[in-house]
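Next comes start24.cif, with mmCIF, N, CA and C atoms.
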data_data
#
loop_
_atom_site.label_atom_id
_atom_site.label_comp_id
_atom_site.auth_asym_id
_atom_site.auth_seq_id
_atom_site.Cartn_x
_atom_site.Cartn_y
_atom_site.Cartn_z
N MET A 3 -80.28 174.35 -88.73
CA MET A 3 -80.09 175.36 -89.75
C MET A 3 -79.83 174.64 -91.08
N SER A 4 -80.49 175.12 -92.14
CA SER A 4 -80.32 174.45 -93.42
C SER A 4 -79.10 175.00 -94.17
N ASP A 5 -78.60 174.19 -95.07
CA ASP A 5 -77.41 174.49 -95.84
C ASP A 5 -77.76 175.41 -97.00
N ALA A 6 -77.20 176.60 -97.04
CA ALA A 6 -77.49 177.56 -98.11
C ALA A 6 -77.09 177.04 -99.48
N GLY A 7 -76.14 176.11 -99.55
CA GLY A 7 -75.71 175.54 -100.81
C GLY A 7 -76.79 174.70 -101.47
N LEU A 8 -77.83 174.37 -100.73
CA LEU A 8 -78.93 173.58 -101.27
C LEU A 8 -80.11 174.46 -101.66
N GLY A 9 -79.96 175.76 -101.53
CA GLY A 9 -81.06 176.70 -101.73
C GLY A 9 -81.85 176.52 -103.01
N LEU A 10 -81.19 176.38 -104.15
CA LEU A 10 -81.91 176.25 -105.42
C LEU A 10 -82.03 174.83 -105.91
N ILE A 11 -81.29 173.90 -105.32
CA ILE A 11 -81.37 172.52 -105.80
C ILE A 11 -82.23 171.64 -104.90
N GLY A 12 -82.54 172.08 -103.72
CA GLY A 12 -83.36 171.29 -102.82
C GLY A 12 -82.53 170.26 -102.07
N GLY A 13 -83.20 169.45 -101.28
CA GLY A 13 -82.53 168.41 -100.52
C GLY A 13 -82.26 168.77 -99.08
N GLU A 14 -82.86 169.86 -98.60
CA GLU A 14 -82.62 170.25 -97.21
C GLU A 14 -83.07 169.17 -96.24
N ASP A 15 -84.15 168.46 -96.57
CA ASP A 15 -84.63 167.40 -95.70
C ASP A 15 -83.63 166.25 -95.65
N VAL A 16 -83.06 165.89 -96.79
CA VAL A 16 -82.05 164.83 -96.84
C VAL A 16 -80.83 165.25 -96.02
N ASP A 17 -80.42 166.49 -96.18
CA ASP A 17 -79.28 167.02 -95.43
C ASP A 17 -79.55 166.98 -93.93
N LEU A 18 -80.75 167.38 -93.53
CA LEU A 18 -81.10 167.38 -92.11
C LEU A 18 -81.01 165.97 -91.52
N PHE A 19 -81.62 165.00 -92.20
CA PHE A 19 -81.59 163.62 -91.68
C PHE A 19 -80.19 163.04 -91.71
N PHE A 20 -79.40 163.37 -92.72
CA PHE A 20 -78.02 162.91 -92.78
C PHE A 20 -77.22 163.43 -91.58
N ARG A 21 -77.37 164.75 -91.31
CA ARG A 21 -76.64 165.33 -90.18
C ARG A 21 -77.14 164.77 -88.85
N MET A 22 -78.45 164.54 -88.73
CA MET A 22 -78.99 163.97 -87.50
C MET A 22 -78.40 162.57 -87.27
N ALA A 23 -78.37 161.75 -88.32
CA ALA A 23 -77.82 160.38 -88.19
C ALA A 23 -76.34 160.44 -87.84
N ARG A 24 -75.61 161.34 -88.48
CA ARG A 24 -74.18 161.47 -88.22
C ARG A 24 -73.92 161.87 -86.77
N ASN A 25 -74.86 162.60 -86.18
CA ASN A 25 -74.70 163.06 -84.80
C ASN A 25 -75.38 162.13 -83.79
N GLY A 26 -75.76 160.93 -84.24
CA GLY A 26 -76.25 159.93 -83.30
C GLY A 26 -77.75 159.82 -83.13
N ALA A 27 -78.53 160.54 -83.92
CA ALA A 27 -79.98 160.44 -83.78
C ALA A 27 -80.45 159.03 -84.11
N ARG A 28 -81.49 158.60 -83.45
CA ARG A 28 -82.09 157.30 -83.73
C ARG A 28 -83.39 157.54 -84.49
N PHE A 29 -83.64 156.70 -85.47
CA PHE A 29 -84.86 156.79 -86.25
C PHE A 29 -85.64 155.50 -86.04
N VAL A 30 -86.94 155.63 -85.94
CA VAL A 30 -87.78 154.46 -85.77
C VAL A 30 -88.87 154.48 -86.85
N ALA A 31 -89.37 153.32 -87.17
CA ALA A 31 -90.43 153.20 -88.16
C ALA A 31 -91.73 152.85 -87.48
N ALA A 32 -92.81 153.35 -88.02
CA ALA A 32 -94.14 153.01 -87.54
C ALA A 32 -94.87 152.32 -88.69
N SER A 33 -94.86 151.00 -88.67
CA SER A 33 -95.38 150.24 -89.81
C SER A 33 -96.88 150.46 -90.05
N ASP A 34 -97.60 150.92 -89.06
CA ASP A 34 -99.03 151.14 -89.25
C ASP A 34 -99.37 152.60 -89.58
N ALA A 35 -98.36 153.45 -89.71
CA ALA A 35 -98.60 154.85 -90.05
C ALA A 35 -99.03 154.96 -91.52
N ARG A 36 -99.92 155.87 -91.81
CA ARG A 36 -100.39 156.11 -93.17
C ARG A 36 -100.08 157.55 -93.56
N THR A 37 -99.56 157.73 -94.73
CA THR A 37 -99.34 159.08 -95.25
C THR A 37 -99.88 159.15 -96.66
N PHE A 38 -100.26 160.33 -97.05
CA PHE A 38 -100.77 160.55 -98.40
C PHE A 38 -100.13 161.82 -98.94
N GLU A 39 -99.75 161.76 -100.19
CA GLU A 39 -99.22 162.94 -100.85
C GLU A 39 -99.75 162.94 -102.27
N PHE A 40 -100.24 164.07 -102.70
CA PHE A 40 -100.78 164.20 -104.04
C PHE A 40 -99.78 164.95 -104.90
N TYR A 41 -99.56 164.42 -106.10
CA TYR A 41 -98.60 165.01 -107.03
C TYR A 41 -99.34 165.61 -108.21
N ASP A 42 -98.81 166.71 -108.69
CA ASP A 42 -99.30 167.31 -109.91
C ASP A 42 -98.95 166.37 -111.08
N ALA A 43 -99.79 166.34 -112.10
CA ALA A 43 -99.55 165.46 -113.25
C ALA A 43 -98.20 165.72 -113.91
N SER A 44 -97.69 166.95 -113.80
CA SER A 44 -96.39 167.26 -114.41
C SER A 44 -95.26 166.46 -113.78
N ARG A 45 -95.49 165.91 -112.59
CA ARG A 45 -94.46 165.11 -111.91
C ARG A 45 -94.54 163.63 -112.25
N THR A 46 -95.27 163.30 -113.29
CA THR A 46 -95.40 161.91 -113.69
C THR A 46 -94.75 161.64 -115.06
N THR A 47 -94.06 162.61 -115.58
CA THR A 47 -93.45 162.45 -116.91
C THR A 47 -92.03 161.91 -116.80
N LEU A 48 -91.56 161.29 -117.86
CA LEU A 48 -90.19 160.80 -117.89
C LEU A 48 -89.20 161.96 -117.73
N GLY A 49 -89.48 163.08 -118.37
CA GLY A 49 -88.59 164.24 -118.25
C GLY A 49 -88.44 164.71 -116.82
N TRP A 50 -89.56 164.77 -116.08
CA TRP A 50 -89.50 165.20 -114.68
C TRP A 50 -88.70 164.20 -113.86
N LEU A 51 -88.95 162.89 -114.08
CA LEU A 51 -88.21 161.87 -113.33
C LEU A 51 -86.71 161.96 -113.59
N LEU A 52 -86.32 162.21 -114.84
CA LEU A 52 -84.91 162.32 -115.17
C LEU A 52 -84.28 163.56 -114.52
N ARG A 53 -84.99 164.70 -114.61
CA ARG A 53 -84.46 165.93 -113.97
C ARG A 53 -84.35 165.75 -112.46
N ARG A 54 -85.35 165.12 -111.86
CA ARG A 54 -85.35 164.92 -110.42
C ARG A 54 -84.20 163.99 -110.01
N SER A 55 -83.96 162.94 -110.78
CA SER A 55 -82.85 162.02 -110.47
C SER A 55 -81.52 162.74 -110.58
N PHE A 56 -81.35 163.57 -111.61
CA PHE A 56 -80.12 164.34 -111.77
C PHE A 56 -79.92 165.27 -110.59
N ARG A 57 -81.00 165.96 -110.19
CA ARG A 57 -80.95 166.89 -109.06
C ARG A 57 -80.64 166.14 -107.76
N ASN A 58 -81.25 164.97 -107.58
CA ASN A 58 -80.98 164.19 -106.37
C ASN A 58 -79.50 163.80 -106.31
N GLY A 59 -78.93 163.43 -107.43
CA GLY A 59 -77.51 163.09 -107.46
C GLY A 59 -76.64 164.26 -107.04
N GLY A 60 -76.97 165.45 -107.53
CA GLY A 60 -76.23 166.64 -107.13
C GLY A 60 -76.37 166.94 -105.65
N THR A 61 -77.59 166.74 -105.14
CA THR A 61 -77.81 166.95 -103.71
C THR A 61 -76.95 166.00 -102.88
N LEU A 62 -76.93 164.73 -103.28
CA LEU A 62 -76.12 163.76 -102.52
C LEU A 62 -74.64 164.08 -102.61
N GLY A 63 -74.16 164.47 -103.78
CA GLY A 63 -72.76 164.87 -103.90
C GLY A 63 -72.44 166.02 -102.96
N HIS A 64 -73.32 167.00 -102.93
CA HIS A 64 -73.11 168.17 -102.05
C HIS A 64 -73.08 167.74 -100.58
N ILE A 65 -74.04 166.92 -100.17
CA ILE A 65 -74.13 166.51 -98.77
C ILE A 65 -72.92 165.68 -98.37
N TYR A 66 -72.56 164.71 -99.20
CA TYR A 66 -71.47 163.80 -98.83
C TYR A 66 -70.08 164.42 -98.94
N TRP A 67 -69.85 165.26 -99.94
CA TRP A 67 -68.48 165.64 -100.29
C TRP A 67 -68.17 167.13 -100.20
N GLN A 68 -69.08 167.94 -99.70
CA GLN A 68 -68.85 169.38 -99.69
C GLN A 68 -67.61 169.79 -98.89
N ARG A 69 -67.24 169.01 -97.90
CA ARG A 69 -66.10 169.37 -97.05
C ARG A 69 -64.78 168.74 -97.54
N ASP A 70 -64.87 167.92 -98.59
CA ASP A 70 -63.66 167.27 -99.13
C ASP A 70 -62.85 168.26 -99.96
N SER A 71 -61.58 167.94 -100.15
CA SER A 71 -60.72 168.76 -101.01
C SER A 71 -61.24 168.70 -102.44
N ARG A 72 -60.85 169.68 -103.25
CA ARG A 72 -61.27 169.72 -104.65
C ARG A 72 -60.84 168.45 -105.39
N GLY A 73 -59.63 168.01 -105.15
CA GLY A 73 -59.12 166.80 -105.79
C GLY A 73 -59.95 165.57 -105.43
N LYS A 74 -60.30 165.47 -104.15
CA LYS A 74 -61.10 164.34 -103.70
C LYS A 74 -62.51 164.41 -104.30
N GLN A 75 -63.07 165.61 -104.40
CA GLN A 75 -64.38 165.77 -105.03
C GLN A 75 -64.33 165.30 -106.48
N LEU A 76 -63.28 165.64 -107.19
CA LEU A 76 -63.15 165.22 -108.59
C LEU A 76 -62.98 163.71 -108.70
N ARG A 77 -62.27 163.10 -107.77
CA ARG A 77 -62.14 161.64 -107.78
C ARG A 77 -63.50 160.98 -107.52
N HIS A 78 -64.25 161.52 -106.56
CA HIS A 78 -65.60 161.02 -106.32
C HIS A 78 -66.44 161.17 -107.58
N GLY A 79 -66.32 162.32 -108.23
CA GLY A 79 -67.09 162.58 -109.45
C GLY A 79 -66.74 161.60 -110.56
N ALA A 80 -65.46 161.29 -110.71
CA ALA A 80 -65.04 160.33 -111.74
C ALA A 80 -65.63 158.95 -111.44
N ALA A 81 -65.61 158.56 -110.17
CA ALA A 81 -66.19 157.27 -109.79
C ALA A 81 -67.70 157.27 -110.05
N ALA A 82 -68.36 158.38 -109.78
CA ALA A 82 -69.80 158.48 -110.03
C ALA A 82 -70.10 158.40 -111.52
N ALA A 83 -69.25 159.00 -112.35
CA ALA A 83 -69.43 158.92 -113.80
C ALA A 83 -69.33 157.48 -114.28
N LEU A 84 -68.40 156.73 -113.72
CA LEU A 84 -68.27 155.31 -114.08
C LEU A 84 -69.50 154.52 -113.65
N GLN A 85 -70.00 154.82 -112.45
CA GLN A 85 -71.21 154.15 -111.97
C GLN A 85 -72.40 154.49 -112.89
N SER A 86 -72.45 155.74 -113.34
CA SER A 86 -73.52 156.15 -114.25
C SER A 86 -73.49 155.32 -115.52
N MET A 87 -72.30 155.13 -116.08
CA MET A 87 -72.17 154.33 -117.30
C MET A 87 -72.56 152.87 -117.04
N ARG A 88 -72.18 152.35 -115.89
CA ARG A 88 -72.52 150.97 -115.55
C ARG A 88 -74.04 150.79 -115.45
N PHE A 89 -74.71 151.70 -114.75
CA PHE A 89 -76.16 151.60 -114.63
C PHE A 89 -76.85 151.80 -115.98
N PHE A 90 -76.29 152.68 -116.81
CA PHE A 90 -76.88 152.89 -118.14
C PHE A 90 -76.80 151.60 -118.96
N ALA A 91 -75.65 150.94 -118.93
CA ALA A 91 -75.48 149.68 -119.65
C ALA A 91 -76.47 148.63 -119.14
N HIS A 92 -76.63 148.54 -117.82
CA HIS A 92 -77.59 147.60 -117.24
C HIS A 92 -79.02 147.95 -117.67
N SER A 93 -79.29 149.24 -117.77
CA SER A 93 -80.61 149.69 -118.19
C SER A 93 -80.92 149.23 -119.61
N ILE A 94 -79.95 149.38 -120.49
CA ILE A 94 -80.13 148.95 -121.88
C ILE A 94 -80.36 147.43 -121.93
N ALA A 95 -79.54 146.69 -121.19
CA ALA A 95 -79.67 145.23 -121.17
C ALA A 95 -81.02 144.80 -120.59
N ALA A 96 -81.55 145.56 -119.65
CA ALA A 96 -82.82 145.21 -118.99
C ALA A 96 -84.03 145.42 -119.90
N LEU A 97 -83.87 146.16 -120.97
CA LEU A 97 -85.00 146.42 -121.87
C LEU A 97 -85.64 145.14 -122.38
N THR A 98 -84.85 144.10 -122.56
CA THR A 98 -85.41 142.84 -123.06
C THR A 98 -86.18 142.09 -121.99
N ARG A 99 -85.95 142.40 -120.72
CA ARG A 99 -86.61 141.71 -119.62
C ARG A 99 -87.80 142.48 -119.07
N SER A 100 -87.60 143.76 -118.81
CA SER A 100 -88.61 144.51 -118.10
C SER A 100 -88.41 146.01 -118.32
N ARG A 101 -89.46 146.68 -118.76
CA ARG A 101 -89.37 148.14 -118.92
C ARG A 101 -89.18 148.82 -117.57
N ALA A 102 -89.78 148.26 -116.52
CA ALA A 102 -89.63 148.84 -115.17
C ALA A 102 -88.18 148.75 -114.72
N ALA A 103 -87.54 147.60 -114.94
CA ALA A 103 -86.13 147.43 -114.56
C ALA A 103 -85.25 148.37 -115.39
N ALA A 104 -85.58 148.53 -116.66
CA ALA A 104 -84.80 149.43 -117.51
C ALA A 104 -84.93 150.87 -117.01
N LEU A 105 -86.13 151.29 -116.65
CA LEU A 105 -86.34 152.64 -116.14
C LEU A 105 -85.61 152.84 -114.82
N SER A 106 -85.68 151.86 -113.94
CA SER A 106 -84.98 151.95 -112.66
C SER A 106 -83.48 152.15 -112.88
N GLY A 107 -82.90 151.36 -113.78
CA GLY A 107 -81.48 151.50 -114.09
C GLY A 107 -81.16 152.85 -114.70
N LEU A 108 -82.05 153.34 -115.58
CA LEU A 108 -81.83 154.65 -116.19
C LEU A 108 -81.85 155.75 -115.14
N LEU A 109 -82.80 155.69 -114.21
CA LEU A 109 -82.87 156.71 -113.16
C LEU A 109 -81.64 156.68 -112.26
N MET A 110 -81.13 155.49 -111.94
CA MET A 110 -79.90 155.39 -111.16
C MET A 110 -78.72 155.97 -111.95
N SER A 111 -78.68 155.68 -113.24
CA SER A 111 -77.62 156.22 -114.09
C SER A 111 -77.62 157.74 -114.06
N VAL A 112 -78.80 158.32 -114.20
CA VAL A 112 -78.91 159.78 -114.21
C VAL A 112 -78.58 160.36 -112.84
N GLU A 113 -78.94 159.66 -111.76
CA GLU A 113 -78.60 160.14 -110.42
C GLU A 113 -77.07 160.19 -110.25
N PHE A 114 -76.38 159.13 -110.65
CA PHE A 114 -74.93 159.15 -110.57
C PHE A 114 -74.34 160.22 -111.48
N LEU A 115 -74.97 160.45 -112.64
CA LEU A 115 -74.51 161.51 -113.53
C LEU A 115 -74.65 162.87 -112.84
N GLY A 116 -75.75 163.07 -112.10
CA GLY A 116 -75.93 164.31 -111.34
C GLY A 116 -74.86 164.49 -110.28
N THR A 117 -74.46 163.39 -109.65
CA THR A 117 -73.40 163.43 -108.65
C THR A 117 -72.08 163.82 -109.30
N ALA A 118 -71.79 163.19 -110.44
CA ALA A 118 -70.56 163.52 -111.17
C ALA A 118 -70.57 164.97 -111.61
N ALA A 119 -71.72 165.44 -112.10
CA ALA A 119 -71.83 166.83 -112.54
C ALA A 119 -71.59 167.80 -111.39
N TRP A 120 -72.14 167.47 -110.20
CA TRP A 120 -71.92 168.34 -109.03
C TRP A 120 -70.43 168.52 -108.78
N SER A 121 -69.65 167.44 -108.96
CA SER A 121 -68.22 167.51 -108.65
C SER A 121 -67.47 168.49 -109.54
N VAL A 122 -68.06 168.86 -110.69
CA VAL A 122 -67.42 169.86 -111.56
C VAL A 122 -68.23 171.15 -111.60
N GLY A 123 -69.15 171.32 -110.64
CA GLY A 123 -69.87 172.58 -110.49
C GLY A 123 -71.16 172.72 -111.28
N ILE A 124 -71.68 171.62 -111.80
CA ILE A 124 -72.94 171.67 -112.56
C ILE A 124 -74.05 171.11 -111.70
N VAL A 125 -75.10 171.92 -111.47
CA VAL A 125 -76.26 171.47 -110.71
C VAL A 125 -77.53 171.87 -111.46
N TYR A 126 -78.59 171.15 -111.20
CA TYR A 126 -79.90 171.51 -111.75
C TYR A 126 -80.66 172.30 -110.69
N PRO A 127 -80.83 173.61 -110.93
CA PRO A 127 -81.51 174.45 -109.92
C PRO A 127 -83.04 174.31 -110.01
N GLU A 128 -83.55 173.25 -109.45
CA GLU A 128 -84.98 172.93 -109.56
C GLU A 128 -85.88 174.05 -109.04
N TYR A 129 -85.41 174.77 -108.05
CA TYR A 129 -86.27 175.76 -107.41
C TYR A 129 -85.90 177.20 -107.77
N ARG A 130 -85.28 177.38 -108.92
CA ARG A 130 -84.96 178.75 -109.36
C ARG A 130 -86.26 179.46 -109.74
N ARG A 131 -86.22 180.74 -109.68
CA ARG A 131 -87.39 181.52 -110.10
C ARG A 131 -87.45 181.53 -111.61
N ARG A 132 -88.62 181.23 -112.11
CA ARG A 132 -88.81 181.23 -113.57
C ARG A 132 -89.44 182.54 -114.00
N ALA A 133 -88.96 183.04 -115.12
CA ALA A 133 -89.49 184.32 -115.63
C ALA A 133 -90.82 184.14 -116.28
#
Same coordinates, now as structure tokens:
Amino acid sequence: MSDAGLGLIGGEDVDLFFRMARNGARFVAASDARTFEFYDASRTTLGWLLRRSFRNGGTLGHIYWQRDSRGKQLRHGAAAALQSMRFFAHSIAALTRSRAAALSGLLMSVEFLGTAAWSVGIVYPEYRRRA
């Protein structure tokens, strides 16, 4: 059964695998398996990547900490905010070395920001109905 709290933000697949692992499921890899997925061009923009990273952070916060006390959630959120700042600083420093490394750090920063935001009730509802 999927978690209703993920209804508009997504992440039901992550939640399912997390719960399966927590309950002892074993996962195996098939190195010769091939998969293909086609993405719409709108999913290749920096804006989409940033929104998706923020949403992923909120999903992870929800999955990991939904059963914790409010105080503990806020402490987790504060730690995530600090991690976000750390990754952002690394991203800026990486600009002189590699744009790819800078982007990777920026996406991690935004993911941690999404986790921190979840702890205070802010989520990005990626799957809301648009008017």
Once DSSP has gone over the backbone, tell me which residues of chain A are in alpha helix (DSSP H), as a count of residues only. 77
Determine the nearest neighbour of Gly116 in chain A from the options A:Ala23, A:Ala95, A:Val16, A:Ala82, counting only N, CA and C atoms.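 The shortest atom-to-atom distance to Gly116 in chain A comes from A:Ala82.
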Between atom N of Met22 in chain A and atom N of His64 in chain A, measure the distance and give it in Å to one decimal. 15.3 Å
Could you work out how far CA of Ala104 in chain A lies from atom C of Trp120 in chain A, giving the answer in Å with one decimal?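 A separation of 25.4 Å between them.
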Record the distance separating atom C of Ala119 in chain A and CA of Gly79 in chain A, expressed in Å with one decimal.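 Pair atom C of Ala119 in chain A / CA of Gly79 in chain A returns 7.2 Å.
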Write out as a Markdown table a residue-level contact list of range 65-119 of chain A versus range 43-60 of chain A with cut-off 8 Å: for each qualifying residue the closest pair of atoms and the distance in Å to one decimal, counting all atoms listed in the file, rows sorted by chain and residue number upward.
| residue | atom | partner | partner_atom | distance |
| --- | --- | --- | --- | --- |
| A:Ile65 | N | A:Gly60 | C | 6.0 |
| A:Tyr66 | N | A:Gly60 | C | 7.8 |
| A:Leu108 | C | A:Leu52 | CA | 7.2 |
| A:Leu109 | C | A:Ser55 | CA | 5.8 |
| A:Met110 | N | A:Ser55 | CA | 6.9 |
| A:Ser111 | C | A:Ser55 | C | 7.2 |
| A:Val112 | C | A:Phe56 | CA | 4.4 |
| A:Glu113 | CA | A:Ser55 | C | 3.9 |
| A:Phe114 | N | A:Gly59 | CA | 5.2 |
| A:Leu115 | C | A:Phe56 | CA | 5.8 |
| A:Gly116 | C | A:Gly60 | N | 3.6 |
| A:Thr117 | N | A:Gly59 | C | 3.5 |
| A:Ala118 | N | A:Gly59 | C | 6.0 |
| A:Ala119 | C | A:Gly60 | CA | 6.4 |
